[in-house]
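This is my_file-v7.txt. It holds compact mmCIF, C-alpha atoms and all ligand atoms.
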```txt
# COMPACT_ATOMS: atom_id res chain seq x y z
CA MET U 42 97.20 87.60 97.67
CA SER U 43 94.32 89.93 98.40
CA VAL U 44 92.94 92.60 100.69
CA LEU U 45 90.04 91.16 102.69
CA VAL U 46 87.35 93.39 104.19
CA LEU U 47 84.83 92.26 106.81
CA GLY U 48 82.33 94.96 107.66
CA SER U 49 79.22 96.99 107.07
CA ILE U 50 77.40 97.75 103.86
CA ASN U 51 74.91 100.66 104.00
CA MET U 52 72.77 102.74 101.74
CA ASP U 53 73.43 106.38 102.60
CA LEU U 54 70.50 108.81 102.43
CA VAL U 55 72.14 112.21 102.29
CA ALA U 56 70.69 115.70 102.80
CA VAL U 57 72.94 118.66 102.02
CA ALA U 58 71.93 121.68 104.14
CA PRO U 59 73.39 125.09 105.02
CA ARG U 60 73.90 123.88 108.61
CA PHE U 61 72.73 121.13 110.98
CA PRO U 62 69.12 121.59 112.18
CA ARG U 63 68.60 122.46 115.85
CA PRO U 64 66.40 120.15 117.99
CA GLY U 65 62.76 120.75 116.99
CA GLU U 66 63.71 122.79 113.92
CA THR U 67 62.66 122.11 110.31
CA LEU U 68 65.38 123.31 107.98
CA ARG U 69 65.24 123.68 104.18
CA GLY U 70 68.07 121.73 102.59
CA GLN U 71 69.76 122.21 99.21
CA ARG U 72 69.82 118.71 97.79
CA PHE U 73 69.25 115.04 98.49
CA PHE U 74 70.98 111.99 97.07
CA THR U 75 71.49 108.33 97.83
CA ALA U 76 74.93 106.75 97.62
CA ALA U 77 76.35 103.35 98.46
CA GLY U 78 78.16 103.50 101.78
CA GLY U 79 78.96 101.65 104.98
CA LYS U 80 82.43 101.79 106.48
CA GLY U 81 83.35 98.26 105.41
CA ALA U 82 82.06 98.60 101.86
CA ASN U 83 83.63 102.05 101.46
CA GLN U 84 87.02 100.71 102.49
CA ALA U 85 86.64 97.78 100.11
CA VAL U 86 85.79 100.14 97.24
CA ALA U 87 88.77 102.35 98.09
CA ALA U 88 91.13 99.35 98.08
CA ALA U 89 89.76 97.94 94.82
CA ARG U 90 89.87 101.28 93.00
CA LEU U 91 93.48 101.71 94.08
CA GLY U 92 94.36 98.41 92.45
CA ALA U 93 94.38 95.65 95.07
CA PRO U 94 92.40 92.44 94.47
CA THR U 95 89.77 92.98 97.15
CA ARG U 96 87.21 90.63 98.67
CA MET U 97 84.27 91.84 100.77
CA VAL U 98 82.57 89.74 103.44
CA GLY U 99 79.27 91.06 104.82
CA ARG U 100 75.49 91.11 104.56
CA VAL U 101 72.86 93.13 102.78
CA GLY U 102 69.13 93.01 103.47
CA ASN U 103 66.18 91.61 101.59
CA ASP U 104 65.01 94.97 100.18
CA VAL U 105 65.50 97.21 97.14
CA PHE U 106 68.84 98.41 98.49
CA GLY U 107 70.46 94.96 98.74
CA PRO U 108 71.04 94.36 95.00
CA ALA U 109 72.09 97.98 94.45
CA LEU U 110 74.69 97.77 97.20
CA ARG U 111 76.13 94.52 95.84
CA GLN U 112 76.18 96.02 92.35
CA ALA U 113 78.05 99.12 93.55
CA LEU U 114 80.75 96.93 95.07
CA MET U 115 81.05 94.86 91.90
CA GLU U 116 81.29 97.93 89.69
CA ALA U 117 84.20 99.14 91.80
CA GLY U 118 85.95 95.81 91.21
CA VAL U 119 85.29 94.22 94.61
CA GLU U 120 84.77 90.45 94.68
CA VAL U 121 81.37 89.95 96.33
CA SER U 122 80.81 86.21 96.64
CA GLY U 123 81.22 86.76 100.40
CA VAL U 124 78.31 89.23 100.50
CA GLU U 125 75.05 87.43 101.22
CA VAL U 126 71.43 88.55 101.34
CA ASP U 127 69.80 88.17 104.75
CA PRO U 128 66.21 87.16 103.97
CA GLU U 129 64.95 88.28 107.38
CA THR U 130 65.98 91.89 107.59
CA SER U 131 66.57 95.16 105.75
CA SER U 132 69.87 96.59 104.53
CA GLY U 133 71.95 98.88 106.71
CA ILE U 134 70.91 102.51 106.30
CA ALA U 135 72.75 105.71 107.17
CA VAL U 136 70.81 108.96 107.37
CA ILE U 137 73.34 111.72 106.84
CA VAL U 138 73.27 115.52 106.96
CA VAL U 139 76.19 117.27 105.27
CA GLU U 140 76.44 120.96 106.09
CA GLU U 141 78.05 123.66 103.95
CA SER U 142 81.39 123.38 105.77
CA GLY U 143 81.57 119.74 104.65
CA GLN U 144 81.06 118.43 108.19
CA ASN U 145 78.56 115.62 108.62
CA ALA U 146 76.24 114.06 111.19
CA ILE U 147 75.17 110.42 110.75
CA VAL U 148 72.51 108.13 112.21
CA VAL U 149 73.10 104.48 111.30
CA ILE U 150 70.48 101.74 111.39
CA PRO U 151 72.50 98.48 111.27
CA GLY U 152 69.89 96.20 109.64
CA ALA U 153 71.68 93.20 108.10
CA ASN U 154 75.07 94.42 109.38
CA GLY U 155 73.88 93.75 112.92
CA ARG U 156 73.36 90.07 112.03
CA VAL U 157 76.86 89.44 110.69
CA GLY U 158 78.16 86.43 112.63
CA GLY U 159 79.33 82.83 112.35
CA ALA U 160 78.54 82.45 108.64
CA GLU U 161 80.71 85.46 107.77
CA LEU U 162 83.52 84.25 110.04
CA ALA U 163 83.47 80.89 108.24
CA ARG U 164 83.72 82.62 104.85
CA LEU U 165 86.50 84.84 106.12
CA GLU U 166 88.43 81.85 107.43
CA ARG U 167 88.26 80.22 104.00
CA TRP U 168 89.91 83.26 102.39
CA LEU U 169 92.52 84.09 105.04
CA PRO U 170 95.20 81.84 103.47
CA GLU U 171 95.17 83.97 100.34
CA ALA U 172 94.96 87.36 102.12
CA ARG U 173 97.77 89.71 103.07
CA VAL U 174 95.70 92.40 104.84
CA LEU U 175 92.34 92.32 106.67
CA LEU U 176 90.40 95.56 107.15
CA LEU U 177 87.94 95.72 110.06
CA GLN U 178 85.68 98.44 111.50
CA LEU U 179 82.99 98.49 114.22
CA GLU U 180 79.65 98.65 112.38
CA ILE U 181 79.15 94.88 112.79
CA PRO U 182 78.90 93.04 116.15
CA LEU U 183 82.03 93.60 118.23
CA GLU U 184 82.48 89.93 119.16
CA VAL U 185 82.68 89.08 115.45
CA VAL U 186 85.35 91.75 114.94
CA VAL U 187 87.40 90.37 117.83
CA GLN U 188 87.18 86.82 116.49
CA ALA U 189 88.05 87.90 112.97
CA ALA U 190 91.07 89.85 114.19
CA GLU U 191 92.33 86.88 116.20
CA ARG U 192 91.85 84.38 113.36
CA ALA U 193 93.58 86.67 110.87
CA ALA U 194 96.50 87.43 113.15
CA ARG U 195 96.99 83.73 113.88
CA ALA U 196 96.98 83.10 110.11
CA GLY U 197 99.76 85.68 109.66
CA VAL U 198 97.50 88.27 107.99
CA SER U 199 98.06 91.95 108.90
CA VAL U 200 94.98 93.35 110.63
CA ILE U 201 93.99 97.00 110.24
CA LEU U 202 91.28 97.88 112.75
CA ASN U 203 89.56 101.19 112.12
CA PRO U 204 87.70 101.46 115.46
CA ALA U 205 84.76 103.45 114.08
CA PRO U 206 82.20 104.34 115.30
CA ALA U 207 83.64 105.07 118.74
CA MET U 208 83.18 102.44 121.43
CA ALA U 209 85.15 100.78 124.20
CA LEU U 210 87.14 97.74 123.07
CA PRO U 211 88.03 94.55 124.97
CA GLU U 212 91.72 94.64 125.95
CA GLU U 213 92.43 91.35 124.15
CA ILE U 214 91.77 92.84 120.70
CA TYR U 215 94.80 95.13 120.70
CA ARG U 216 97.28 92.29 120.48
CA TRP U 217 95.61 91.03 117.27
CA CYS U 218 95.78 94.41 115.50
CA THR U 219 98.82 95.25 113.42
CA TRP U 220 97.40 98.71 112.76
CA LEU U 221 94.85 100.70 114.77
CA THR U 222 93.47 103.81 113.05
CA PRO U 223 91.08 105.81 115.29
CA ASN U 224 90.15 109.42 114.72
CA GLU U 225 90.44 111.85 117.64
CA VAL U 226 87.00 111.05 119.08
CA GLU U 227 87.52 107.31 118.79
CA ALA U 228 91.00 107.51 120.31
CA GLU U 229 89.57 109.49 123.23
CA SER U 230 87.05 106.75 123.98
CA LEU U 231 89.78 104.10 123.78
CA VAL U 232 92.23 105.77 126.16
CA GLY U 233 89.69 107.41 128.47
CA PHE U 234 91.25 110.89 128.68
CA PRO U 235 90.47 114.05 126.66
CA LEU U 236 92.62 114.82 123.62
CA ARG U 237 92.50 118.62 123.79
CA GLU U 238 96.25 119.19 123.64
CA ASP U 239 98.70 117.89 121.07
CA GLN U 240 100.66 116.28 123.90
CA ALA U 241 97.55 114.33 124.91
CA ILE U 242 97.12 113.10 121.32
CA GLU U 243 100.73 111.91 121.28
CA GLU U 244 100.27 110.27 124.68
CA ALA U 245 97.11 108.52 123.44
CA ALA U 246 99.02 107.10 120.48
CA ARG U 247 101.74 105.85 122.85
CA VAL U 248 99.16 104.30 125.19
CA LEU U 249 97.54 102.43 122.30
CA VAL U 250 100.91 101.09 121.15
CA GLY U 251 101.48 100.01 124.75
CA LYS U 252 98.27 97.99 124.62
CA GLY U 253 99.81 95.81 121.91
CA CYS U 254 99.22 97.33 118.43
CA ALA U 255 102.41 97.56 116.42
CA HIS U 256 101.29 100.69 114.55
CA VAL U 257 98.81 103.35 115.67
CA VAL U 258 97.57 106.26 113.57
CA ILE U 259 95.27 108.88 115.06
CA THR U 260 93.65 110.73 112.16
CA LEU U 261 93.04 114.44 112.71
CA GLY U 262 91.26 115.67 109.57
CA GLU U 263 92.85 118.80 108.15
CA ARG U 264 95.75 118.49 110.61
CA GLY U 265 96.84 115.15 109.15
CA CYS U 266 97.63 112.32 111.56
CA VAL U 267 99.82 111.24 114.42
CA TYR U 268 101.68 107.98 113.93
CA ALA U 269 103.20 105.91 116.72
CA ASP U 270 105.10 102.66 116.99
CA ARG U 271 107.57 101.31 119.53
CA GLY U 272 110.19 103.65 118.09
CA GLY U 273 108.28 106.84 118.94
CA VAL U 274 105.62 109.27 117.77
CA ARG U 275 105.53 111.57 114.76
CA TRP U 276 103.14 113.94 113.03
CA VAL U 277 102.29 113.49 109.38
CA PRO U 278 100.87 116.53 107.62
CA ALA U 279 97.59 116.67 105.71
CA TYR U 280 97.10 117.96 102.19
CA SER U 281 95.22 121.21 101.90
CA VAL U 282 92.15 120.84 99.65
CA PRO U 283 88.73 122.46 99.23
CA VAL U 284 86.29 120.47 101.39
CA VAL U 285 82.72 119.72 100.28
CA ASP U 286 81.85 116.49 102.11
CA THR U 287 83.87 114.74 104.80
CA VAL U 288 81.76 111.54 104.78
CA ALA U 289 84.00 108.47 104.33
CA ALA U 290 87.31 110.37 104.42
CA GLY U 291 88.44 107.91 107.10
CA ASP U 292 87.39 105.03 104.86
CA ALA U 293 89.44 106.39 101.96
CA PHE U 294 92.38 106.72 104.38
CA ASN U 295 92.06 103.11 105.57
CA GLY U 296 91.52 101.66 102.11
CA ALA U 297 94.62 103.39 100.78
CA LEU U 298 96.66 102.38 103.82
CA ALA U 299 95.67 98.75 103.21
CA VAL U 300 96.70 98.87 99.56
CA ALA U 301 100.05 100.50 100.31
CA LEU U 302 100.80 97.85 102.94
CA TRP U 303 99.56 95.11 100.63
CA GLU U 304 102.12 96.40 98.10
CA GLY U 305 104.87 96.32 100.74
CA ARG U 306 105.39 100.09 100.82
CA SER U 307 107.12 101.83 103.74
CA VAL U 308 105.15 103.30 106.65
CA GLU U 309 105.99 106.82 105.41
CA GLU U 310 104.68 106.14 101.94
CA ALA U 311 101.61 104.31 103.24
CA LEU U 312 100.67 107.28 105.41
CA ARG U 313 101.22 109.67 102.51
CA TRP U 314 98.94 107.57 100.32
CA ALA U 315 96.33 107.36 103.07
CA ASN U 316 96.35 111.11 103.71
CA ALA U 317 96.11 111.79 99.97
CA ALA U 318 93.19 109.41 99.46
CA GLY U 319 91.37 111.01 102.41
CA ALA U 320 92.04 114.46 100.97
CA ILE U 321 90.72 113.55 97.51
CA SER U 322 87.57 112.03 99.01
CA VAL U 323 86.57 115.22 100.86
CA THR U 324 86.57 117.20 97.61
CA ARG U 325 83.60 115.12 96.35
CA TYR U 326 80.11 114.25 97.55
CA GLY U 327 79.06 110.76 98.61
CA ALA U 328 80.86 107.87 100.30
CA GLN U 329 81.75 105.30 97.63
CA PRO U 330 81.49 107.83 94.78
CA SER U 331 84.23 109.89 96.46
CA MET U 332 86.85 107.12 96.60
CA PRO U 333 89.77 107.86 94.25
CA ASN U 334 91.12 105.46 91.69
CA ARG U 335 94.83 104.73 91.31
CA ASP U 336 95.50 107.24 88.52
CA GLU U 337 93.85 110.00 90.55
CA LEU U 338 95.88 109.13 93.63
CA MET U 339 99.15 109.07 91.70
CA ALA U 340 98.37 112.38 89.98
CA PHE U 341 97.44 113.95 93.32
CA LEU U 342 100.65 112.76 94.99
CA ALA U 343 102.69 114.09 92.10
CA GLN U 344 101.00 117.49 92.19
CA HIS U 345 100.57 118.26 95.86
CA VAL U 346 103.13 119.56 98.24
CA GLU U 347 102.52 118.63 101.85
CA THR U 348 101.56 121.40 104.22
CA HIS U 349 103.44 120.64 107.39
CA ARG U 350 101.92 121.79 110.61
CA ALA U 351 104.06 121.37 113.67
CA PRO U 352 102.29 120.21 116.85
CA GLY U 353 100.64 123.18 118.53
CA SER U 354 100.44 125.38 115.43
O1 LIG P 401 82.33 106.26 107.20
C1 LIG P 401 81.24 106.74 106.45
C2 LIG P 401 80.11 105.78 106.51
O2 LIG P 401 79.60 105.74 107.82
C3 LIG P 401 78.94 106.16 105.64
O3 LIG P 401 79.05 105.69 104.32
C4 LIG P 401 77.76 105.60 106.39
O4 LIG P 401 77.19 104.50 105.78
C5 LIG P 401 78.29 105.25 107.78
O5 LIG P 401 78.40 103.90 107.93
```

How would this structure read if it were set down as structure tokens?
Amino acid sequence: MSVLVLGSINMDLVAVAPRFPRPGETLRGQRFFTAAGGKGANQAVAAARLGAPTRMVGRVGNDVFGPALRQALMEAGVEVSGVEVDPETSSGIAVIVVEESGQNAIVVIPGANGRVGGAELARLERWLPEARVLLLQLEIPLEVVVQAAERAARAGVSVILNPAPAMALPEEIYRWCTWLTPNEVEAESLVGFPLREDQAIEEAARVLVGKGCAHVVITLGERGCVYADRGGVRWVPAYSVPVVDTVAAGDAFNGALAVALWEGRSVEEALRWANAAGAISVTRYGAQPSMPNRDELMAFLAQHVETHRAPGS
């Protein structure tokens, strides 16, 4: 049984700068690098490095980045026979600025990811019988995500939908998602009210459970996450680490969550793993390069004491 990932594959072009430039401003940065990225591919790499047999379904473009992106997935241990080259377009590209605080701003050009469709759904369908968990995000066409979620749920596969980047979702999708993992901004766009207060965050988690997802986690960066199911809502603390680059922290979180669930671990343990993987990833630059392997995750969990922050503190 495997972890299946349907989603985006990007080349990230990253500038590290003291701060974000203002409109019209030219700012001198400190360094530039390229790194394999894309929310789908990052989550696949996270899952494979943490030890789950992981299969990626997606598209790269007919350009110099395509082979490099496939290669990066393979080197991480991801099975890539479901990743095809689209002869008619370029690979997905993300132009990223990371400022000194570790915060990031991203512009994504979908390229081949925007043409993911029926062919990928057919490949996915073929592999659903041997999958335990399907990871989905929103950097490929939304109608494909909805169909994939429905087909997986009907096949008895647990669906984790990481609804990133933020957008409105059709109501029908919630019932197909076993787990929904928005960050604060994404959750806000799903529930339609501001999440300024802790009570509003808790209410948002409850609303999303009410829409039909069995498990909802709203990730809150250094504050950890809020988890909700039909039994109630609870806060799960983050680990305190030095932050250099927050790109793909959510992907590390989702990849680790998938592996923990694939292994049949409890919700508590799965959330601890996910928080720890996210924490490790922000201590390093780059999307896929920042994903921890299993030994690193285990060592981190053994060494770190959780810093509990009560709601409102
Ligand atoms: O979640 C981080 C990812 O978002 C980056 O790797 C970039 O490619 C964008 O898709």

Requested in this report: Give as a ChimeraX atom specification the residues surrounding ligand LIG 401 (chain P) up to a distance of 10 Å, considering only C-alpha atoms and all ligand atoms.
Outcome: /U:48-55,76-84,133-137,145-151,178-180,205-206,287-293,327-329

Query - Between CA of Val232 (chain U) and CA of Arg195 (chain U) - distance in Å to one decimal - result: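 A separation of 25.7 Å between them.
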
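One finds CA of Ala160 (chain U) at 9.6 Å from CA of Glu125 (chain U).
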
Quick one: what's the axis-aligned box for region 312-315 of chain U, all listed atoms, 5 Å on every side, centre and edges in Å to one decimal, as AutoDock Vina command-line options?
```
--center_x 98.8 --center_y 108.5 --center_z 102.9 --size_x 14.9 --size_y 12.4 --size_z 15.1
```

Query raised in the report: Hey, can you check how far CA of Leu175 (chain U) sits from CA of Ser132 (chain U)?
Result: 23.0 Å

Query raised in the report: From the set U:Val187, U:Ile321, U:Leu261, U:Ala255, which residue has the shortest atom-to-atom contact distance to Ile242 (chain U), counting only C-alpha atoms?
Result: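 Among U:Val187, U:Ile321, U:Leu261, U:Ala255, it is U:Leu261 that comes nearest to Ile242 (chain U).
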
Query raised in the report: Can you tell me, as a PyMOL selection string, what residues are no more than 9 Å from Val186 (chain U) when counting all atoms listed in the file, ignoring any on the same chain fewer than 4 positions away?
Result: chain U and resi 47-48+177-179+181-182+190-191+202+214

Give one line per residue of region 193-213 of chain U that approaches region 302-310 of chain U to at most 12 Å, naming the two atoms of the closest pair and their distance in Å to one decimal, counting all atoms listed in the file; sort by chain then ascending residue number and deliver it as JSON lines.
```
{"residue": "U:Val198", "atom": "CA", "partner": "U:Trp303", "partner_atom": "CA", "distance": 10.3}
{"residue": "U:Ser199", "atom": "CA", "partner": "U:Leu302", "partner_atom": "CA", "distance": 8.8}
{"residue": "U:Val200", "atom": "CA", "partner": "U:Leu302", "partner_atom": "CA", "distance": 10.6}
{"residue": "U:Ile201", "atom": "CA", "partner": "U:Leu302", "partner_atom": "CA", "distance": 10.0}
```

Report task. Point out the residue among U:Ala93, U:Leu210, U:Ala317, U:Ala58 with the least atom-to-atom distance to Val300 (chain U), counting only C-alpha atoms. Result ->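 Closest residue, counting only C-alpha atoms: U:Ala93.
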
Requested in this report: Could you tell me which of U:Val285, U:Ala343, U:Met115, U:Val44 comes closest to Leu91 (chain U) if we count all atoms listed in the file?
Outcome: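 Closest candidate: U:Val44.
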
Query - For Thr324 (chain U), the nearest of the candidates U:Val284, U:Met42, U:Leu338, U:Ala87, counting only C-alpha atoms - result: U:Val284

Report task. Could you check which of U:Ser322, U:Asn224, U:Gln112, U:Ser142 is closest to Pro59 (chain U), using all atoms listed in the file? Result -> U:Ser142

Report task. Using all atoms listed in the file, pick whichever of U:Gln344, U:Gln144, U:Asn154, U:Asn334 has the shortest atom-to-atom distance to Val124 (chain U). Result -> U:Asn154
